file final.txt (compact mmCIF, C-alpha atoms and all ligand atoms)
# COMPACT_ATOMS: atom_id res chain seq x y z
CA MET A 255 -24.39 101.02 107.95
CA SER A 256 -20.80 101.83 108.63
CA TYR A 257 -18.42 99.51 110.43
CA GLN A 258 -16.79 101.03 113.50
CA SER A 259 -14.50 98.25 114.62
CA ILE A 260 -13.12 94.84 113.69
CA LYS A 261 -15.83 93.35 115.89
CA ASP A 262 -18.42 94.59 113.38
CA ILE A 263 -17.24 92.17 110.70
CA PRO A 264 -20.41 90.46 109.40
CA ASN A 265 -20.47 86.93 110.79
CA ILE A 266 -21.16 85.25 107.45
CA GLY A 267 -18.82 86.29 104.69
CA PHE A 268 -18.90 85.32 101.04
CA GLY A 269 -15.84 83.33 99.93
CA LEU A 270 -14.36 84.05 96.50
CA TRP A 271 -11.79 81.28 96.09
CA LYS A 272 -12.23 79.14 92.95
CA ILE A 273 -14.95 81.27 91.41
CA SER A 274 -14.12 81.35 87.72
CA ASN A 275 -13.56 84.64 85.90
CA GLU A 276 -16.46 83.87 83.57
CA VAL A 277 -19.12 83.83 86.29
CA CYS A 278 -17.49 85.82 89.11
CA ALA A 279 -18.98 89.29 88.48
CA ASP A 280 -22.51 87.86 88.24
CA VAL A 281 -21.99 85.65 91.30
CA VAL A 282 -20.79 88.61 93.37
CA TYR A 283 -23.68 90.78 92.20
CA GLU A 284 -26.11 87.99 93.11
CA ALA A 285 -24.47 87.59 96.52
CA VAL A 286 -24.99 91.29 97.29
CA LYS A 287 -28.60 90.92 96.14
CA GLN A 288 -29.05 87.97 98.48
CA GLY A 289 -27.82 90.10 101.39
CA TYR A 290 -24.12 89.31 101.68
CA ARG A 291 -22.08 92.33 102.72
CA HIS A 292 -18.78 90.72 103.66
CA PHE A 293 -16.59 89.55 100.75
CA ASP A 294 -13.40 87.58 101.15
CA ALA A 295 -11.09 88.25 98.19
CA ALA A 296 -7.40 87.62 97.51
CA SER A 297 -4.93 88.51 94.81
CA ASP A 298 -4.23 84.80 94.50
CA TYR A 299 -7.83 83.98 93.56
CA GLY A 300 -7.22 85.64 90.19
CA ASN A 301 -10.69 87.19 90.09
CA GLU A 302 -10.40 90.55 91.85
CA LYS A 303 -11.24 92.47 88.65
CA GLU A 304 -14.45 90.51 88.30
CA VAL A 305 -15.24 90.90 92.00
CA GLY A 306 -14.81 94.66 91.49
CA ILE A 307 -17.16 94.63 88.51
CA GLY A 308 -19.82 92.75 90.48
CA LEU A 309 -19.56 95.05 93.49
CA LYS A 310 -19.61 98.17 91.33
CA ARG A 311 -22.72 97.01 89.53
CA ALA A 312 -24.43 96.35 92.86
CA MET A 313 -23.46 99.82 94.14
CA ASP A 314 -24.40 101.55 90.88
CA GLU A 315 -27.81 99.95 91.04
CA GLY A 316 -28.26 101.16 94.62
CA LEU A 317 -28.26 97.72 96.28
CA CYS A 318 -25.67 98.99 98.75
CA ASN A 319 -23.10 101.71 99.35
CA ARG A 320 -19.38 101.22 99.82
CA GLU A 321 -19.81 101.77 103.60
CA ASP A 322 -22.25 98.84 103.73
CA LEU A 323 -19.63 96.49 102.36
CA TRP A 324 -16.86 94.74 104.25
CA VAL A 325 -14.17 93.84 101.75
CA THR A 326 -11.20 91.74 102.79
CA SER A 327 -8.22 90.89 100.61
CA LYS A 328 -4.87 89.21 101.14
CA LEU A 329 -1.21 89.88 100.50
CA TRP A 330 0.21 87.09 98.36
CA ASN A 331 3.40 85.20 99.27
CA THR A 332 5.51 86.76 96.51
CA TYR A 333 4.96 90.29 97.84
CA HIS A 334 6.27 89.89 101.40
CA HIS A 335 9.21 92.26 100.94
CA PRO A 336 8.31 95.60 102.61
CA SER A 337 8.88 97.44 99.33
CA HIS A 338 6.32 95.20 97.59
CA VAL A 339 3.56 95.30 100.20
CA PRO A 340 2.07 98.74 99.25
CA MET A 341 2.37 97.87 95.58
CA ALA A 342 0.48 94.61 96.04
CA LEU A 343 -2.27 96.41 97.93
CA GLN A 344 -2.47 99.08 95.23
CA ARG A 345 -2.95 96.44 92.54
CA THR A 346 -5.69 94.79 94.57
CA LEU A 347 -7.45 98.13 95.13
CA GLU A 348 -7.28 98.97 91.43
CA ASP A 349 -8.62 95.58 90.43
CA LEU A 350 -11.43 95.80 92.98
CA GLN A 351 -12.11 99.45 91.97
CA LEU A 352 -12.02 100.46 95.63
CA GLU A 353 -10.38 103.31 97.53
CA TYR A 354 -9.74 101.29 100.67
CA LEU A 355 -10.06 97.78 102.08
CA ASP A 356 -11.81 96.96 105.31
CA LEU A 357 -9.26 94.27 106.08
CA TYR A 358 -5.94 93.20 104.59
CA LEU A 359 -4.38 89.91 105.65
CA ILE A 360 -1.05 88.18 105.14
CA HIS A 361 -2.27 85.16 103.15
CA PHE A 362 0.32 82.63 104.33
CA PRO A 363 3.36 82.80 106.62
CA ILE A 364 5.37 81.79 103.57
CA ALA A 365 7.61 84.27 101.73
CA LEU A 366 8.28 83.46 98.08
CA GLU A 367 10.63 85.12 95.63
CA PHE A 368 9.14 88.25 94.03
CA ILE A 369 7.59 87.97 90.59
CA ASP A 370 6.88 91.14 88.64
CA PHE A 371 3.23 91.88 87.82
CA GLU A 372 4.23 92.12 84.15
CA GLU A 373 5.67 88.65 84.23
CA ARG A 374 2.76 86.92 85.91
CA TYR A 375 -0.30 87.98 87.91
CA PRO A 376 -1.46 86.34 90.03
CA SER A 377 1.95 84.84 90.55
CA GLU A 378 0.82 81.66 92.35
CA TRP A 379 3.27 79.17 93.88
CA PHE A 380 5.80 78.18 91.22
CA PHE A 381 8.82 80.39 90.60
CA GLU A 382 9.16 79.30 86.96
CA PRO A 383 6.12 77.25 85.95
CA GLU A 384 7.67 76.51 82.54
CA ALA A 385 10.89 75.07 83.98
CA SER A 386 11.54 71.36 83.41
CA ASN A 387 11.16 70.68 87.12
CA PRO A 388 9.23 73.69 88.49
CA ALA A 389 9.27 74.38 92.22
CA MET A 390 8.60 77.12 94.77
CA LYS A 391 11.45 79.51 95.51
CA LEU A 392 11.48 80.67 99.11
CA ALA A 393 12.56 84.23 99.89
CA LYS A 394 14.52 85.08 103.03
CA ILE A 395 12.13 87.71 104.35
CA PRO A 396 11.29 87.64 108.05
CA LEU A 397 7.57 87.83 108.79
CA ALA A 398 8.33 90.74 111.14
CA ASP A 399 9.44 92.88 108.16
CA THR A 400 6.26 92.08 106.27
CA TRP A 401 4.16 92.85 109.34
CA HIS A 402 5.77 96.27 109.81
CA ALA A 403 4.87 97.08 106.18
CA MET A 404 1.28 96.02 106.90
CA GLU A 405 1.28 98.41 109.87
CA GLU A 406 2.28 101.24 107.51
CA LEU A 407 -0.76 100.54 105.34
CA LYS A 408 -3.00 100.97 108.34
CA VAL A 409 -1.23 104.15 109.45
CA ASN A 410 -1.67 105.55 105.93
CA LYS A 411 -5.39 104.65 106.04
CA LYS A 412 -5.22 102.47 102.92
CA VAL A 413 -6.80 99.68 104.92
CA LYS A 414 -8.99 99.90 107.99
CA HIS A 415 -7.76 96.73 109.66
CA ILE A 416 -4.83 94.35 109.32
CA GLY A 417 -4.43 90.72 110.18
CA ILE A 418 -3.03 87.33 109.34
CA CYS A 419 -4.03 83.96 107.94
CA ASN A 420 -2.72 80.50 108.55
CA TYR A 421 -0.54 81.43 111.54
CA SER A 422 0.13 78.82 114.21
CA THR A 423 0.13 79.54 117.97
CA GLY A 424 3.93 79.95 117.93
CA LEU A 425 3.93 82.47 115.09
CA LEU A 426 1.08 84.41 116.67
CA ASN A 427 2.82 84.60 120.06
CA ASP A 428 5.96 85.83 118.31
CA LEU A 429 4.05 88.45 116.30
CA MET A 430 2.53 89.80 119.52
CA ASN A 431 6.10 90.40 120.78
CA TYR A 432 7.36 92.41 117.82
CA CYS A 433 4.27 94.21 116.50
CA GLN A 434 3.80 97.94 116.98
CA ILE A 435 0.21 97.70 115.79
CA PRO A 436 -1.32 94.37 116.82
CA PRO A 437 -3.07 92.10 114.33
CA GLU A 438 -6.83 92.45 114.59
CA LEU A 439 -8.01 89.23 113.00
CA LEU A 440 -6.77 85.70 112.37
CA GLN A 441 -8.24 83.77 109.44
CA ILE A 442 -7.79 79.99 109.63
CA GLU A 443 -9.26 76.76 108.38
CA SER A 444 -11.83 75.64 110.90
CA HIS A 445 -14.83 73.29 110.82
CA PRO A 446 -16.09 70.48 113.06
CA TYR A 447 -13.28 68.17 111.92
CA LEU A 448 -10.64 70.84 112.71
CA SER A 449 -12.03 72.84 115.59
CA GLN A 450 -8.68 74.50 116.47
CA GLU A 451 -9.80 75.27 120.00
CA ASN A 452 -6.38 76.21 121.38
CA LEU A 453 -5.49 78.48 118.46
CA ILE A 454 -8.85 80.27 118.60
CA ARG A 455 -8.62 80.65 122.37
CA LEU A 456 -5.09 82.06 122.12
CA ALA A 457 -6.08 84.48 119.35
CA LYS A 458 -8.98 85.78 121.44
CA GLN A 459 -6.72 86.07 124.48
CA HIS A 460 -4.49 88.32 122.36
CA GLY A 461 -7.55 90.37 121.39
CA LEU A 462 -7.97 89.12 117.81
CA GLU A 463 -11.21 88.28 116.06
CA VAL A 464 -11.21 84.93 114.28
CA THR A 465 -12.64 83.98 110.90
CA ALA A 466 -13.07 80.34 109.87
CA TYR A 467 -12.42 79.46 106.25
CA SER A 468 -13.60 76.29 104.55
CA PRO A 469 -16.28 76.03 107.27
CA LEU A 470 -17.86 73.13 105.40
CA GLY A 471 -14.64 71.12 105.59
CA SER A 472 -14.03 68.64 102.78
CA LEU A 473 -16.64 70.11 100.40
CA SER A 474 -14.19 72.60 98.91
CA TYR A 475 -11.36 70.09 98.58
CA VAL A 476 -12.91 67.12 96.80
CA GLU A 477 -12.63 68.87 93.42
CA LEU A 478 -8.92 69.50 94.15
CA GLU A 479 -8.39 65.84 95.08
CA MET A 480 -7.34 66.97 98.55
CA ALA A 481 -10.29 65.23 100.25
CA GLU A 482 -12.45 62.17 99.73
CA GLN A 483 -16.23 62.33 99.20
CA SER A 484 -16.53 60.10 102.25
CA GLU A 485 -15.01 62.79 104.51
CA SER A 486 -18.07 65.04 104.44
CA ILE A 487 -19.13 66.39 107.83
CA LEU A 488 -22.64 66.64 106.40
CA ASP A 489 -22.94 62.85 106.50
CA GLN A 490 -22.35 62.67 110.23
CA ASN A 491 -25.41 61.31 112.04
CA VAL A 492 -25.01 63.96 114.76
CA VAL A 493 -25.29 66.74 112.17
CA LYS A 494 -28.14 65.07 110.29
CA GLU A 495 -30.10 64.44 113.48
CA ILE A 496 -29.80 68.07 114.63
CA ALA A 497 -30.78 69.33 111.16
CA LYS A 498 -33.86 67.12 111.12
CA ARG A 499 -34.92 68.15 114.62
CA LEU A 500 -34.45 71.88 113.92
CA ASN A 501 -35.94 71.68 110.44
CA CYS A 502 -32.89 73.07 108.71
CA SER A 503 -30.15 71.64 106.50
CA PRO A 504 -26.90 69.94 107.63
CA VAL A 505 -24.95 72.79 105.96
CA GLN A 506 -26.85 75.32 108.06
CA VAL A 507 -26.09 73.35 111.23
CA VAL A 508 -22.38 73.32 110.48
CA LEU A 509 -22.26 77.05 109.62
CA ARG A 510 -24.30 77.93 112.71
CA TRP A 511 -21.90 75.95 114.88
CA GLY A 512 -19.12 78.14 113.43
CA THR A 513 -20.83 81.47 114.05
CA GLN A 514 -22.24 80.52 117.44
CA ARG A 515 -18.81 79.58 118.77
CA GLY A 516 -17.72 83.15 118.13
CA THR A 517 -15.95 82.99 114.79
CA SER A 518 -17.15 84.58 111.59
CA VAL A 519 -17.38 82.06 108.76
CA LEU A 520 -16.71 82.36 105.05
CA ALA A 521 -18.97 80.34 102.81
CA LYS A 522 -18.57 80.13 99.06
CA SER A 523 -21.28 79.10 96.64
CA ILE A 524 -21.95 79.95 93.04
CA SER A 525 -25.59 78.93 93.42
CA ALA A 526 -28.15 81.57 94.41
CA GLU A 527 -30.19 78.99 96.31
CA ARG A 528 -27.20 77.87 98.36
CA MET A 529 -26.16 81.47 99.01
CA ALA A 530 -29.57 82.06 100.59
CA GLU A 531 -29.44 78.76 102.49
CA ASN A 532 -26.04 79.63 103.95
CA LEU A 533 -27.04 83.13 104.99
CA ALA A 534 -30.21 81.79 106.65
CA SER A 535 -28.04 79.77 109.04
CA ASN A 536 -28.16 82.90 111.20
CA ASN A 537 -31.88 82.40 111.81
CA PHE A 538 -31.77 79.72 114.51
CA GLU A 539 -29.86 78.76 117.66
CA LEU A 540 -28.10 75.55 118.60
CA SER A 541 -28.40 74.40 122.22
CA PRO A 542 -25.22 74.05 124.32
CA LYS A 543 -25.72 70.26 124.09
CA ASP A 544 -25.86 70.36 120.28
CA MET A 545 -22.85 72.68 120.15
CA MET A 546 -20.90 70.22 122.28
CA ALA A 547 -21.98 67.23 120.19
CA ILE A 548 -20.70 68.94 117.04
CA SER A 549 -17.46 70.03 118.72
CA ASN A 550 -16.90 66.40 119.68
CA LEU A 551 -16.61 65.52 115.98
CA ASN A 552 -13.14 67.12 115.93
CA ARG A 553 -10.45 64.86 114.50
CA ASN A 554 -7.77 67.47 113.65
CA ARG A 555 -8.31 66.85 109.93
CA ARG A 556 -6.72 69.71 108.00
CA PHE A 557 -7.58 69.88 104.31
CA ASN A 558 -5.57 73.00 103.43
CA ASP A 559 -2.06 72.03 104.49
CA PRO A 560 1.04 73.44 102.77
CA GLY A 561 2.90 70.49 104.28
CA ASP A 562 0.93 68.30 101.85
CA PHE A 563 -0.02 70.42 98.87
CA CYS A 564 3.30 72.24 98.40
CA GLU A 565 4.97 68.89 97.91
CA GLY A 566 2.13 67.25 95.98
CA ALA A 567 1.42 70.13 93.62
CA PHE A 568 4.52 72.34 93.72
CA ASN A 569 7.45 69.92 94.19
CA THR A 570 8.52 71.65 97.41
CA PHE A 571 8.37 70.22 100.90
CA HIS A 572 7.36 73.13 103.13
CA PRO A 573 5.31 72.24 106.23
CA ILE A 574 4.28 75.15 108.47
CA TYR A 575 2.11 73.63 111.18
CA ASP A 576 4.13 70.70 112.50
N1 LIG B 1 -6.94 82.37 103.94
C1 LIG B 1 -6.84 81.24 103.30
O1 LIG B 1 -5.76 80.65 103.16
C2 LIG B 1 -8.09 80.60 102.73
C3 LIG B 1 -8.05 79.27 102.31
C4 LIG B 1 -9.23 78.70 101.83
C5 LIG B 1 -10.39 79.46 101.76
N2 LIG B 1 -10.38 80.77 102.14
C6 LIG B 1 -11.60 81.61 102.02
O2 LIG B 1 -12.71 80.95 102.62
C7 LIG B 1 -13.76 80.83 101.68
C8 LIG B 1 -14.63 79.63 102.00
O3 LIG B 1 -13.88 78.43 101.98
P1 LIG B 1 -13.96 77.38 100.80
O4 LIG B 1 -14.39 78.06 99.53
O5 LIG B 1 -12.71 76.61 100.82
O6 LIG B 1 -15.07 76.36 101.29
P2 LIG B 1 -16.58 76.35 101.80
O7 LIG B 1 -17.22 77.66 101.65
O8 LIG B 1 -16.54 75.68 103.14
O9 LIG B 1 -17.22 75.30 100.80
C9 LIG B 1 -17.42 75.58 99.45
C10 LIG B 1 -17.95 74.34 98.78
O10 LIG B 1 -19.18 73.95 99.36
C11 LIG B 1 -20.21 73.99 98.39
N3 LIG B 1 -21.39 74.56 99.05
C12 LIG B 1 -21.52 75.81 99.55
N4 LIG B 1 -22.72 75.98 100.10
C13 LIG B 1 -23.38 74.80 99.96
C14 LIG B 1 -24.67 74.35 100.33
N5 LIG B 1 -25.55 75.14 100.96
N6 LIG B 1 -25.01 73.06 100.03
C15 LIG B 1 -24.13 72.25 99.39
N7 LIG B 1 -22.89 72.63 99.02
C16 LIG B 1 -22.52 73.89 99.30
C17 LIG B 1 -19.69 74.84 97.25
O11 LIG B 1 -20.21 74.44 96.03
P3 LIG B 1 -20.99 75.44 95.01
O12 LIG B 1 -20.15 76.67 94.85
O13 LIG B 1 -21.08 74.63 93.77
O14 LIG B 1 -22.31 75.72 95.65
C18 LIG B 1 -18.20 74.54 97.32
O15 LIG B 1 -17.91 73.32 96.67
C19 LIG B 1 -13.01 80.77 100.34
O16 LIG B 1 -13.85 80.97 99.24
C20 LIG B 1 -11.99 81.85 100.56
O17 LIG B 1 -12.57 83.13 100.41
C21 LIG B 1 -9.25 81.35 102.65

call {"tool": "encode", "arguments": {"input": "final.txt", "output": "C-alpha cells"}}
result
Amino acid sequence: MSYQSIKDIPNIGFGLWKISNEVCADVVYEAVKQGYRHFDAASDYGNEKEVGIGLKRAMDEGLCNREDLWVTSKLWNTYHHPSHVPMALQRTLEDLQLEYLDLYLIHFPIALEFIDFEERYPSEWFFEPEASNPAMKLAKIPLADTWHAMEELKVNKKVKHIGICNYSTGLLNDLMNYCQIPPELLQIESHPYLSQENLIRLAKQHGLEVTAYSPLGSLSYVELEMAEQSESILDQNVVKEIAKRLNCSPVQVVLRWGTQRGTSVLAKSISAERMAENLASNNFELSPKDMMAISNLNRNRRFNDPGDFCEGAFNTFHPIYD
C-alpha cells in the first residue's frame, strides 16, 4: 500500500499523546499488530524515540513496510522561526528513525521563544520552568513566516504533506491568502460536544482534509483535571441507545460518528482490547437519523483550550479562539 494523496490518510489514526516512555514502544508495536497504520506523533509528546523503536520493530518483523505507514508529527511552538523549522523536523525524523514524514503540522498557532535542544527537549510551554514565577514567553514570529518554512519542507521532499492544528476560521482564511502551497489538512479537537461544523465546512471549502483529535471528548482530560467524569459523551442516552440497538459499544458509536461525517479520527489507547474495539468502529454504519441525533448533542464544549490551560498551568493568559 502506498499513499498517493492526502485523501488517503487512514480514517482511524492512533494517538500518541500521554503514552509514557516506559510503555510507548510496546504500545506502538501492538497498535501496528492490531492493524493501525496511521500514527499521530509530536515532538511535544516526548516519546518520539520510543514511537520510532516500536515502528522499527514492527517493520523489522515484517508486519508492515514504511510505505504502509502514515506517520504524522508536529512542529512545536518554540520552533516557529523559519531557521528552526527544518531543524525541528530533522530532530523528529531522527527520533522516529524515519527518512520522511507523511504529514507535518504546525501544532499550535502560538509562537514561543526558542529553547535549544541541549537545554531542554521537548521544550514544553514554560520559558524557564525553574524560575520563581515561571511563565510562557511569546515570540514575535508571524504565522506566515512559519508557514513559508513549512512549504520549503514540502518542496525539499522531507515531508509529503503539510498542514495545521488548532487554527480558527479567521486564521485559516488568512493563511489561504498568503500561502504559496496551501495547507492540506487541519487537525482540531472535535467530538459530539464540540462538533465544529462551521470550521470543518470552511476547511473543506478550502480543499483541506480534517482530522478530529480527542474524538472521545472528556475521556482524555479527566486525568489532567481539565474535565469532570460527569462530562462523558458515553453516558448520553442517545449514544447508549444507538450502541445497544447496533450491538456495539458507545465508544464505537462516537468514533463512527466522527469518521462517517468525513473527518479522520485519532484514538489513543494503551490497551490492546480497546485498540481493537476502536478500529472495529469502521465495521458498521450509522443511519442519517442517528448521525443527526449525535450531532444534536453539540454544546461547544472545548476541553483543550489554551485560553484556559495556559493560564491555569503556565501562568500566562493566552486565548486563541475567542
Ligand atoms: N493537535 C493537537 O493539539 C492535539 C491535541 C490533543 C490530542 N491530539 C492527538 O489526538 C490523539 C487522540 O486524542 P486524545 O488522546 O486526547 O483522546 P482520545 O483518543 O479521544 O481518548 C483517549 C482516552 O480514552 C480512553 N479510551 C480510548 N479508547 C477507549 C475505549 N475503547 N474504551 C474506553 N476508554 C477508551 C483512553 O484510555 P486508555 O489509554 O487507558 O485506554 C484515554 O484515556 C492524541 O493522542 C494525539 O495524538 C492532538

call {"tool": "closest_atom_pairs", "arguments": {"input": "final.txt", "of": "range 312-348 of chain A", "to": "range 367-391 of chain A", "cutoff": "12 Å", "atoms": "only C-alpha atoms", "output": "tab-separated table"}}
result
residue	atom	partner	partner_atom	distance
A:Lys328	CA	A:Pro376	CA	12.0
A:Leu329	CA	A:Pro376	CA	11.1
A:Trp330	CA	A:Glu378	CA	8.1
A:Asn331	CA	A:Trp379	CA	8.1
A:Thr332	CA	A:Phe368	CA	4.6
A:Tyr333	CA	A:Phe368	CA	6.0
A:His334	CA	A:Phe368	CA	8.1
A:His335	CA	A:Phe368	CA	8.0
A:Pro336	CA	A:Phe368	CA	11.3
A:Ser337	CA	A:Phe368	CA	10.6
A:His338	CA	A:Phe368	CA	8.3
A:Val339	CA	A:Phe368	CA	10.9
A:Met341	CA	A:Phe371	CA	9.8
A:Ala342	CA	A:Phe371	CA	9.1
A:Gln344	CA	A:Phe371	CA	11.8
A:Arg345	CA	A:Phe371	CA	9.0
A:Thr346	CA	A:Pro376	CA	10.5

call {"tool": "closest_atom_pairs", "arguments": {"input": "final.txt", "of": "chain A", "to": "ligand LIG 1 (chain B)", "cutoff": "7 Å", "atoms": "only C-alpha atoms and all ligand atoms", "output": "CSV"}}
result
residue,atom,partner,partner_atom,distance
A:Phe268,CA,B:LIG1,O17,6.7
A:Gly269,CA,B:LIG1,O16,3.2
A:Leu270,CA,B:LIG1,O16,4.2
A:Trp271,CA,B:LIG1,O16,3.8
A:Lys272,CA,B:LIG1,O16,6.7
A:Asp294,CA,B:LIG1,O17,4.6
A:Ala295,CA,B:LIG1,O17,5.8
A:His361,CA,B:LIG1,N1,5.5
A:Phe362,CA,B:LIG1,O1,6.5
A:Cys419,CA,B:LIG1,N1,5.2
A:Asn420,CA,B:LIG1,O1,6.2
A:Gln441,CA,B:LIG1,N1,5.8
A:Ile442,CA,B:LIG1,N1,6.2
A:Glu443,CA,B:LIG1,C3,6.7
A:Tyr467,CA,B:LIG1,O2,3.9
A:Ser468,CA,B:LIG1,O8,3.3
A:Pro469,CA,B:LIG1,O8,4.2
A:Leu470,CA,B:LIG1,O8,3.7
A:Gly471,CA,B:LIG1,O8,5.5
A:Leu473,CA,B:LIG1,C10,4.7
A:Ser474,CA,B:LIG1,C10,4.1
A:Val505,CA,B:LIG1,N5,5.6
A:Leu520,CA,B:LIG1,C8,4.6
A:Ala521,CA,B:LIG1,O7,3.4
A:Lys522,CA,B:LIG1,O7,3.8
A:Ser523,CA,B:LIG1,O12,3.2
A:Ile524,CA,B:LIG1,O12,4.2
A:Ser525,CA,B:LIG1,O14,5.1
A:Arg528,CA,B:LIG1,N5,4.1
A:Met529,CA,B:LIG1,N4,6.6
A:Glu531,CA,B:LIG1,N5,5.5
A:Asn532,CA,B:LIG1,N5,5.4
A:Asn558,CA,B:LIG1,C3,6.8

call {"tool": "closest_residue", "arguments": {"input": "final.txt", "among": "A:Lys543, A:Val492, A:Asn537, A:Glu353", "to": "Lys411 in chain A", "atoms": "all atoms listed in the file"}}
result
A:Glu353

call {"tool": "closest_residue", "arguments": {"input": "final.txt", "among": "A:His445, A:Arg311, A:Lys458, A:Arg499", "to": "Arg556 in chain A", "atoms": "all atoms listed in the file"}}
result
A:His445

call {"tool": "closest_residue", "arguments": {"input": "final.txt", "among": "A:Leu309, A:Leu448, A:Ile418, A:Leu359", "to": "Ser472 in chain A", "atoms": "all atoms listed in the file"}}
result
A:Leu448

call {"tool": "atom_distance", "arguments": {"input": "final.txt", "atom1": "CA of Asp349 in chain A", "atom2": "CA of Lys303 in chain A"}}
result
4.4 Å

call {"tool": "closest_residue", "arguments": {"input": "final.txt", "among": "A:Gln351, A:Gln459, A:Asp562, A:Gly316", "to": "Ala481 in chain A", "atoms": "only C-alpha atoms"}}
result
A:Asp562

call {"tool": "atom_distance", "arguments": {"input": "final.txt", "atom1": "CA of Asn319 in chain A", "atom2": "CA of Met255 in chain A"}}
result
8.7 Å

call {"tool": "atom_distance", "arguments": {"input": "final.txt", "atom1": "CA of Glu539 in chain A", "atom2": "CA of Gln514 in chain A"}}
result
7.8 Å

call {"tool": "closest_residue", "arguments": {"input": "final.txt", "among": "A:Tyr283, A:Phe557, A:Trp401, A:Trp511", "to": "Asn536 in chain A", "atoms": "all atoms listed in the file"}}
result
A:Trp511

call {"tool": "closest_residue", "arguments": {"input": "final.txt", "among": "A:Leu462, A:Ile416, A:Cys433, A:Ala279", "to": "Ser518 in chain A", "atoms": "only C-alpha atoms"}}
result
A:Leu462

call {"tool": "build_atoms", "arguments": {"input": "final.txt", "residues": "range 430-441 of chain A", "atoms": "N, CA and C atoms", "output": "CSV table (one decimal), keeping the file's coordinate frame"}}
result
chain,number,residue,atom,x,y,z
A,430,MET,N,3.0,88.9,118.4
A,430,MET,CA,2.5,89.8,119.5
A,430,MET,C,3.7,90.5,120.2
A,431,ASN,N,4.9,89.8,120.1
A,431,ASN,CA,6.1,90.4,120.8
A,431,ASN,C,6.7,91.5,120.0
A,432,TYR,N,6.6,91.4,118.6
A,432,TYR,CA,7.4,92.4,117.8
A,432,TYR,C,6.5,93.5,117.2
A,433,CYS,N,5.1,93.3,117.2
A,433,CYS,CA,4.3,94.2,116.5
A,433,CYS,C,4.3,95.6,117.2
A,434,GLN,N,4.1,96.6,116.4
A,434,GLN,CA,3.8,97.9,117.0
A,434,GLN,C,2.3,98.2,116.9
A,435,ILE,N,1.7,97.7,115.9
A,435,ILE,CA,0.2,97.7,115.8
A,435,ILE,C,-0.2,96.2,115.8
A,436,PRO,N,-1.0,95.8,116.7
A,436,PRO,CA,-1.3,94.4,116.8
A,436,PRO,C,-2.2,93.9,115.7
A,437,PRO,N,-2.1,92.6,115.3
A,437,PRO,CA,-3.1,92.1,114.3
A,437,PRO,C,-4.5,92.1,114.9
A,438,GLU,N,-5.5,92.3,114.1
A,438,GLU,CA,-6.8,92.4,114.6
A,438,GLU,C,-7.7,91.2,114.3
A,439,LEU,N,-7.2,90.4,113.4
A,439,LEU,CA,-8.0,89.2,113.0
A,439,LEU,C,-7.1,88.1,112.5
A,440,LEU,N,-7.4,86.9,112.9
A,440,LEU,CA,-6.8,85.7,112.4
A,440,LEU,C,-7.8,84.9,111.5
A,441,GLN,N,-7.4,84.6,110.3
A,441,GLN,CA,-8.2,83.8,109.4
A,441,GLN,C,-7.6,82.4,109.3
